[in-house]
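Only one structure is covered here, and it is reproduced in the block below.
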Amino acid sequence: MAIRIENNVSLRMYNTFGIDAAAKTFAVFSDTEELAELLHDKAYTEDTPFILGGGSNILLTKDIERPVLLNRLKGITLVNEDENFYYVKSAAGEVWHSFVLHCIKNEYAGVENLSLIPGSVGASPMQNIGAYGVEIKDVFHSLEAYHIKEHIIKEFNATECSFGYRESVFKREQKDQWVILSVTFRLLKRAQFRTDYGAIQEELDKMKLEKMTIKAVSQAVINIRTSKLPDPKKLGNAGSFFKNPVVSLEVVNKIKENYPNLPVYPIDEQSAKIPAGWLIEQAGWKGKNRGTHGVHDKQALVLVNYGGATGKEIFDLSTDVLTDIVSKFGVTLEREVNIH
Ligand code: FAD
Ligand code: NAP
C-alpha cells in the first residue's frame with residue numbers, strides 16, 4: 001500500500017514549543033521499508049528531508065519547506081548479555097522516557113538519571129542527551145542509521161558518533177545525512193548509583209528509603225524535574241534553550257570580580273563550565289514576560305510560549321538574551337535548541 005504523503009500539515013502538535021508552523025510535505029514512517037520508499041519518492045528527493053521525533057529540541061521560526069518525515073519506529077529488545085551488561089536495542093521512534101521506564105522495570109541500570117527527558121530514542125544520540133551527571137555516551141553501545149541519499153544502513157560505534165557536550169557527529173559533520181533507526185545501549189547488571197549531582201541525594205533522603213534502587217533514583221529525578229521544569233503539555237518550551245558555556249579560567253576570574261558567587265564546574269586546568277541559567281538570572285531575565293512568550297520564572301535557561309507566540313518572537317527573545325549576556329559578562333552563549 002502506498003504511504004500517505006500530506007501537504008500543508010500544521011506542526012503545532014508535533015513540537016513542544018507548540019508553534020503553529022506548517023510542513024509543506026509530511027509523512028509518517030513505521031518501518032524501514034516505508035522509510036526507504038519515502039526517501040525514493042520525488043517529494044522527498046528534491047530537498048533534504050527533515051526527520052522529526054518528539055519535536056522537543058526544535059524551534060520552528062517559519063513554515064518548513066523541507067519535506068518532513070515523522071519517525072514512528074517501535075520496539076525494544078534485549079539483544080545480548082554478558083557477565084556485566086545487558087545490551088538493549090530500541091527502535092528510534094520509542095519515547096525516551098518509556099524506554100527508561102522499561103529499563104527500570106527490567107533492572108537494566110544506567111539510564112535512571114535520564115528520566116523524564118522528553119523526545120524519542122532516535123534523537124538521544126543527536127545531542128548526546130544528558131542530565132544529572134549522566135550522558136547517553138556513558139551507556140551507548142552502537143546505533144544503526146539509514147543514509148538519506150546513498151540508501152545504505154550503517155552501524156556507528158561510540159567513536160564514530162564523536163559525542164561531546166550536547167554534541168555528536170550527527171549535529172555537525174554528518175548533519176542531515178542520516179536517519180537514526182535504532183540505538184543499542186549497554187546497561188549495567190549491577191547498578192552504580194550517581195547521586196552526587198544537584199539535589200538528587202537530598203530528594204532521596206526525603207524518600208526515607210530502606211534500600212537504594214534505580215527506581216528510587218528515577219523517582220527522585222522525576223520529583224526534581226517536575227518541581228522546576230515546565231511541562232510542555234501545559235506550557236510550550238524546548239528545555240534548556242542555551243548550552244552551558246565552557247570558558248577559560250581567566251574569564252571565570254574576570255566575572256568573579258563582580259559576581260563572587262558565580263558557580264564554577266572545573267573541566268580541566270585551563271577551563272570551566274559555568275551555568276548559562278545563572279548568568280541569565282543575574283542579568284535580570286528570569287520571569288521576563290513579553291505577553292505571548294518569555295523566560296521561565298523557575299528556570300531562566302528555559303524560554304516559554306505562553307500561547308500564540310511565533311517561533312520568530314521566541315528566536316528574537318533568545319537573541320536579546322544572548323546580546324545582553326555578552327555585554328554583561330563577555331560570554332557568548334550558544335543555542336542548544338535546533339532552529340528551523
Ligand atoms: P526532535 O526535537 O524531534 O529533533 C531534534 C533534532 O534531531 C532535529 O534536528 C531532528 O531532525 C533530529 N532527529 C530527531 N530524530 C532523528 C532521527 N531518528 N534520525 C536523525 N535525526 C533525528 N535534553 C537533554 O539533553 N537533557 C535534558 O535534561 C533535557 N530536558 C528537557 C526538558 C524539557 C521540558 C524539554 C522540552 C526538552 C528537554 N531536553 C533535554 C531537550 C530534548 O528533550 C532532547 O534533545 C531530545 O533528545 C529531543 O528528542 P526529540 O525526539 O524531541 O527530537
Ligand atoms: P541545576 O541542577 O540547577 O544546575 C545548573 C547547571 O549547573 C546545570 O545545567 C549543570 O550542568 C550544572 N551543574 C550542576 N551541578 C553540577 C555538578 N555537580 N557538576 C557539574 N555540573 C553541574 O540544573 P537544572 O536546570 O535543574 O537541570 C538539571 C539537569 O537536567 C542538568 O544536568 C541539565 O543539563 C538537565 N536538563 C537539561 C535540559 C536540556 O534541555 N538540555 C533541560 C532541563 C534539564 P549540565 O547541564 O552540564 O549538567
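Ordering of the C-alpha cells sets the chain letters (A, B, ...), residue numbers begin anew at 1 in every chain, and ligands are numbered from 1 in the order given.
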Each residue of chain A lying at most 9 Å from ligand 2 should get a row with its shortest atom-to-atom pair and the distance in Å to one decimal, counting only C-alpha atoms and all ligand atoms; could you produce that, ordered by chain and increasing number, as CSV?
residue,atom,partner,partner_atom_place_in_ligand_line,distance
A:Ser56,CA,ligand 2,40 (O),8.4
A:Asn57,CA,ligand 2,40 (O),7.4
A:Asn113,CA,ligand 2,30 (O),8.8
A:Leu114,CA,ligand 2,30 (O),8.1
A:Ile117,CA,ligand 2,42 (C),7.6
A:Pro118,CA,ligand 2,40 (O),8.9
A:Gln127,CA,ligand 2,41 (N),8.9
A:Ile129,CA,ligand 2,41 (N),7.0
A:Gly130,CA,ligand 2,34 (O),5.9
A:Ala131,CA,ligand 2,32 (O),3.3
A:Tyr132,CA,ligand 2,32 (O),4.1
A:Gly133,CA,ligand 2,48 (O),5.8
A:Val134,CA,ligand 2,32 (O),7.6
A:Glu135,CA,ligand 2,32 (O),8.8
A:Tyr165,CA,ligand 2,47 (O),7.6
A:Arg166,CA,ligand 2,41 (N),7.6
A:Asp196,CA,ligand 2,18 (N),6.7
A:Tyr197,CA,ligand 2,18 (N),4.4
A:Gly198,CA,ligand 2,2 (O),4.6
A:Ala199,CA,ligand 2,2 (O),6.8
A:Val221,CA,ligand 2,28 (C),8.7
A:Ile224,CA,ligand 2,26 (O),7.4
A:Arg225,CA,ligand 2,26 (O),6.7
A:Lys228,CA,ligand 2,26 (O),6.6
A:Leu229,CA,ligand 2,43 (C),6.7
A:Ala238,CA,ligand 2,40 (O),6.3
A:Gly239,CA,ligand 2,40 (O),3.6
A:Ser240,CA,ligand 2,40 (O),3.7
A:Phe241,CA,ligand 2,40 (O),6.6
A:Phe242,CA,ligand 2,41 (N),8.0
A:Lys243,CA,ligand 2,41 (N),7.3
A:Asn244,CA,ligand 2,46 (O),6.3
A:Pro263,CA,ligand 2,7 (O),7.6
A:Val264,CA,ligand 2,21 (N),8.1
A:Tyr265,CA,ligand 2,20 (C),5.3
A:Pro266,CA,ligand 2,20 (C),8.0
A:Ile267,CA,ligand 2,20 (C),8.8
A:Lys273,CA,ligand 2,21 (N),7.2
A:Ile274,CA,ligand 2,7 (O),6.9
A:Pro275,CA,ligand 2,6 (C),4.7
A:Ala276,CA,ligand 2,9 (O),7.4
A:Gly277,CA,ligand 2,5 (C),6.8
A:Trp278,CA,ligand 2,5 (C),7.4
A:Gln299,CA,ligand 2,25 (O),6.4
A:Ala300,CA,ligand 2,25 (O),8.5
A:Leu301,CA,ligand 2,25 (O),7.2
A:Val302,CA,ligand 2,42 (C),7.5
A:Glu336,CA,ligand 2,41 (N),7.3
A:Val337,CA,ligand 2,40 (O),7.9
Requested write-out: C-alpha atoms of the selected residues, as a compact mmCIF listing (two decimals), in the first residue's frame:
# COMPACT_ATOMS: atom_id res chain seq x y z
CA SER A 56 11.26 18.75 21.89
CA ASN A 57 14.55 20.24 20.74
CA ASN A 113 19.33 9.76 35.90
CA LEU A 114 17.98 10.48 32.42
CA ILE A 117 13.69 13.81 29.27
CA PRO A 118 11.14 14.38 26.50
CA GLN A 127 22.94 15.89 21.11
CA ILE A 129 21.37 13.92 25.87
CA GLY A 130 22.47 14.44 29.43
CA ALA A 131 21.18 15.24 32.87
CA TYR A 132 22.27 14.86 36.49
CA GLY A 133 25.82 13.82 35.66
CA VAL A 134 24.98 11.14 33.06
CA GLU A 135 25.06 11.36 29.26
CA TYR A 165 28.78 18.04 25.45
CA ARG A 166 25.30 18.17 23.83
CA ASP A 196 26.14 13.29 43.96
CA TYR A 197 24.71 15.69 41.41
CA GLY A 198 22.40 18.59 42.24
CA ALA A 199 19.58 17.81 44.65
CA VAL A 221 14.95 12.83 39.32
CA ILE A 224 13.12 17.42 40.99
CA ARG A 225 12.36 17.88 37.32
CA LYS A 228 11.46 23.08 38.31
CA LEU A 229 10.71 22.46 34.67
CA ALA A 238 12.08 23.03 24.48
CA GLY A 239 14.03 22.64 27.72
CA SER A 240 17.33 24.48 28.04
CA PHE A 241 17.48 26.99 25.23
CA PHE A 242 21.23 27.61 25.57
CA LYS A 243 24.18 25.37 26.36
CA ASN A 244 26.24 25.94 29.49
CA PRO A 263 29.02 28.70 40.33
CA VAL A 264 32.00 27.10 38.57
CA TYR A 265 32.36 23.47 37.46
CA PRO A 266 36.02 22.82 36.51
CA ILE A 267 36.65 20.96 33.24
CA LYS A 273 31.73 25.19 32.77
CA ILE A 274 29.51 27.93 34.13
CA PRO A 275 25.70 27.68 34.25
CA ALA A 276 24.06 29.73 31.50
CA GLY A 277 20.86 29.83 33.57
CA TRP A 278 22.70 31.56 36.41
CA GLN A 299 14.49 28.18 35.42
CA ALA A 300 16.00 31.05 33.42
CA LEU A 301 17.53 28.71 30.85
CA VAL A 302 14.08 27.79 29.55
CA GLU A 336 21.16 24.31 22.18
CA VAL A 337 17.77 24.14 20.50
Could you pull out the residues sitting within 6 Å of ligand 1, using only C-alpha atoms and all ligand atoms, and write them as a ChimeraX atom specification? /A:16,50-58,92,117-120,122-124,126,129-131,178-181,229-232,237-239,338
Near-Asn106 in chain A list (12 Å; only C-alpha atoms; drop same-chain fewer than 5 positions) as a short mmCIF file (atom, residue, chain, number, x, y, z; two decimals) with N, CA, C and O atoms, in the first residue's frame:
data_model
loop_
_atom_site.label_atom_id
_atom_site.label_comp_id
_atom_site.auth_asym_id
_atom_site.auth_seq_id
_atom_site.Cartn_x
_atom_site.Cartn_y
_atom_site.Cartn_z
N ILE A 76 11.44 -2.60 21.52
CA ILE A 76 12.61 -2.65 22.42
C ILE A 76 12.95 -4.12 22.63
O ILE A 76 12.07 -4.92 22.97
N THR A 77 14.22 -4.49 22.40
CA THR A 77 14.62 -5.90 22.51
C THR A 77 15.92 -6.04 23.28
O THR A 77 16.87 -5.26 23.06
N LEU A 78 15.98 -7.06 24.13
CA LEU A 78 17.24 -7.42 24.78
C LEU A 78 17.99 -8.28 23.77
O LEU A 78 17.55 -9.39 23.46
N TYR A 86 23.71 -5.82 30.05
CA TYR A 86 22.60 -6.14 29.15
C TYR A 86 22.78 -5.24 27.93
O TYR A 86 23.09 -4.05 28.08
N VAL A 88 20.65 -3.66 25.07
CA VAL A 88 19.23 -3.45 24.78
C VAL A 88 19.09 -2.54 23.57
O VAL A 88 19.64 -1.43 23.56
N PHE A 99 11.26 4.23 27.29
CA PHE A 99 12.42 3.34 27.25
C PHE A 99 13.08 3.27 28.64
O PHE A 99 13.43 2.19 29.13
N VAL A 100 13.23 4.43 29.29
CA VAL A 100 13.84 4.47 30.63
C VAL A 100 12.99 3.62 31.59
O VAL A 100 13.53 2.80 32.35
N LEU A 101 11.67 3.78 31.53
CA LEU A 101 10.80 3.01 32.43
C LEU A 101 10.91 1.51 32.16
O LEU A 101 10.90 0.69 33.08
N LEU A 187 23.79 -1.69 29.23
CA LEU A 187 23.28 -1.31 30.56
C LEU A 187 23.79 -2.27 31.63
O LEU A 187 24.00 -3.47 31.37
N LEU A 188 23.98 -1.72 32.81
CA LEU A 188 24.64 -2.49 33.88
C LEU A 188 23.73 -3.51 34.55
O LEU A 188 22.54 -3.23 34.78
N LYS A 189 24.33 -4.67 34.88
CA LYS A 189 23.59 -5.65 35.69
C LYS A 189 23.62 -5.25 37.16
O LYS A 189 22.69 -5.52 37.88
N ILE A 214 17.36 1.65 41.44
CA ILE A 214 17.34 2.55 40.28
C ILE A 214 15.97 3.22 40.16
O ILE A 214 15.85 4.34 39.70
N LYS A 215 14.95 2.51 40.62
CA LYS A 215 13.60 3.09 40.58
C LYS A 215 13.53 4.32 41.49
O LYS A 215 12.92 5.34 41.13
#
Surrounding residues of Ser182 in chain A excluding itself and chain neighbours under 6 positions, 12 Å, only C-alpha atoms, as a count of residues only: 33
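Secondary structure from DSSP on the backbone puts strand (DSSP E) at the following positions of range 135-208 of chain A: Glu135, Phe140, His141, Ser142, Leu143, Glu144, Ala145, Tyr146, His147, Ile153, Lys154, Glu155, Phe156, Asn157, Trp178, Val179, Ile180, Leu181, Ser182, Val183, Thr184, Phe185, Arg186, Leu187 and Leu188 of chain A.
Here the question is which of A:Val139, A:Ile325, A:Met13, A:Glu160 gets nearest to Tyr108 in chain A using only C-alpha atoms, and that residue is A:Val139.
For the pair CA of Cys161 in chain A and CA of Arg186 in chain A, the interatomic distance is 15.4 Å.
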Which one of A:Ser248, A:Ser327, A:Asn305, A:Gln192 sits closest to Asn84 in chain A if you count only C-alpha atoms? A:Gln192
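Residues with any atom within 9 Å of Gly164 in chain A, counting only C-alpha atoms and excluding same-chain neighbours fewer than 5 positions away, are Gln127, Asn128, Lys137 and Val169 of chain A.
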When you look at Leu11 in chain A with a cut-off of 10 Å (counting only C-alpha atoms), what residues show up, excluding the ones that are within fewer than 4 positions of it in the same chain? I need them as a VMD selection string. chain A and resid 15 to 16 18 to 23 26 55 60 63 to 64 68
With only C-alpha atoms as the counted atoms, please give the residues lying no more than 12 Å from Asn258 in chain A, apart from itself and same-chain residues fewer than 4 positions off, as an MDAnalysis selection string. chainID A and resid 251:254 262 282 328:329
Filtering to C-alpha atoms, could you give me those residues as a PDB file, in the first residue's frame?
ATOM      1  CA  VAL A 251      37.083  34.679  32.034  1.00  0.00           C
ATOM      2  CA  VAL A 252      35.873  32.972  35.239  1.00  0.00           C
ATOM      3  CA  ASN A 253      38.106  35.191  37.370  1.00  0.00           C
ATOM      4  CA  LYS A 254      37.029  38.313  35.493  1.00  0.00           C
ATOM      5  CA  LEU A 262      29.422  32.530  40.313  1.00  0.00           C
ATOM      6  CA  GLN A 282      21.798  37.560  37.241  1.00  0.00           C
ATOM      7  CA  LYS A 328      27.317  41.986  30.860  1.00  0.00           C
ATOM      8  CA  PHE A 329      29.694  39.019  31.191  1.00  0.00           C
TER       9      PHE A 329
END
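Atom pair CA of Leu35 in chain A / CA of Asp47 in chain A: separated by 15.5 Å.
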Which parts of range 58-263 of chain A does DSSP call helix (DSSP H, G or I) when run on the backbone here, written out as an NGL selection string? :A and (96-105 or 112-114 or 136-138 or 158-161 or 200-206 or 214-228 or 249-258)
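Ranking A:Ala220, A:Leu317, A:Leu279, A:Ile136 by their shortest atom-to-atom distance to Val295 in chain A, with only C-alpha atoms included, puts A:Leu317 first.
Taking only C-alpha atoms into account, Trp96 in chain A lies nearest to A:Ser115 out of the set A:Thr45, A:Asn157, A:Gln201, A:Ser115.
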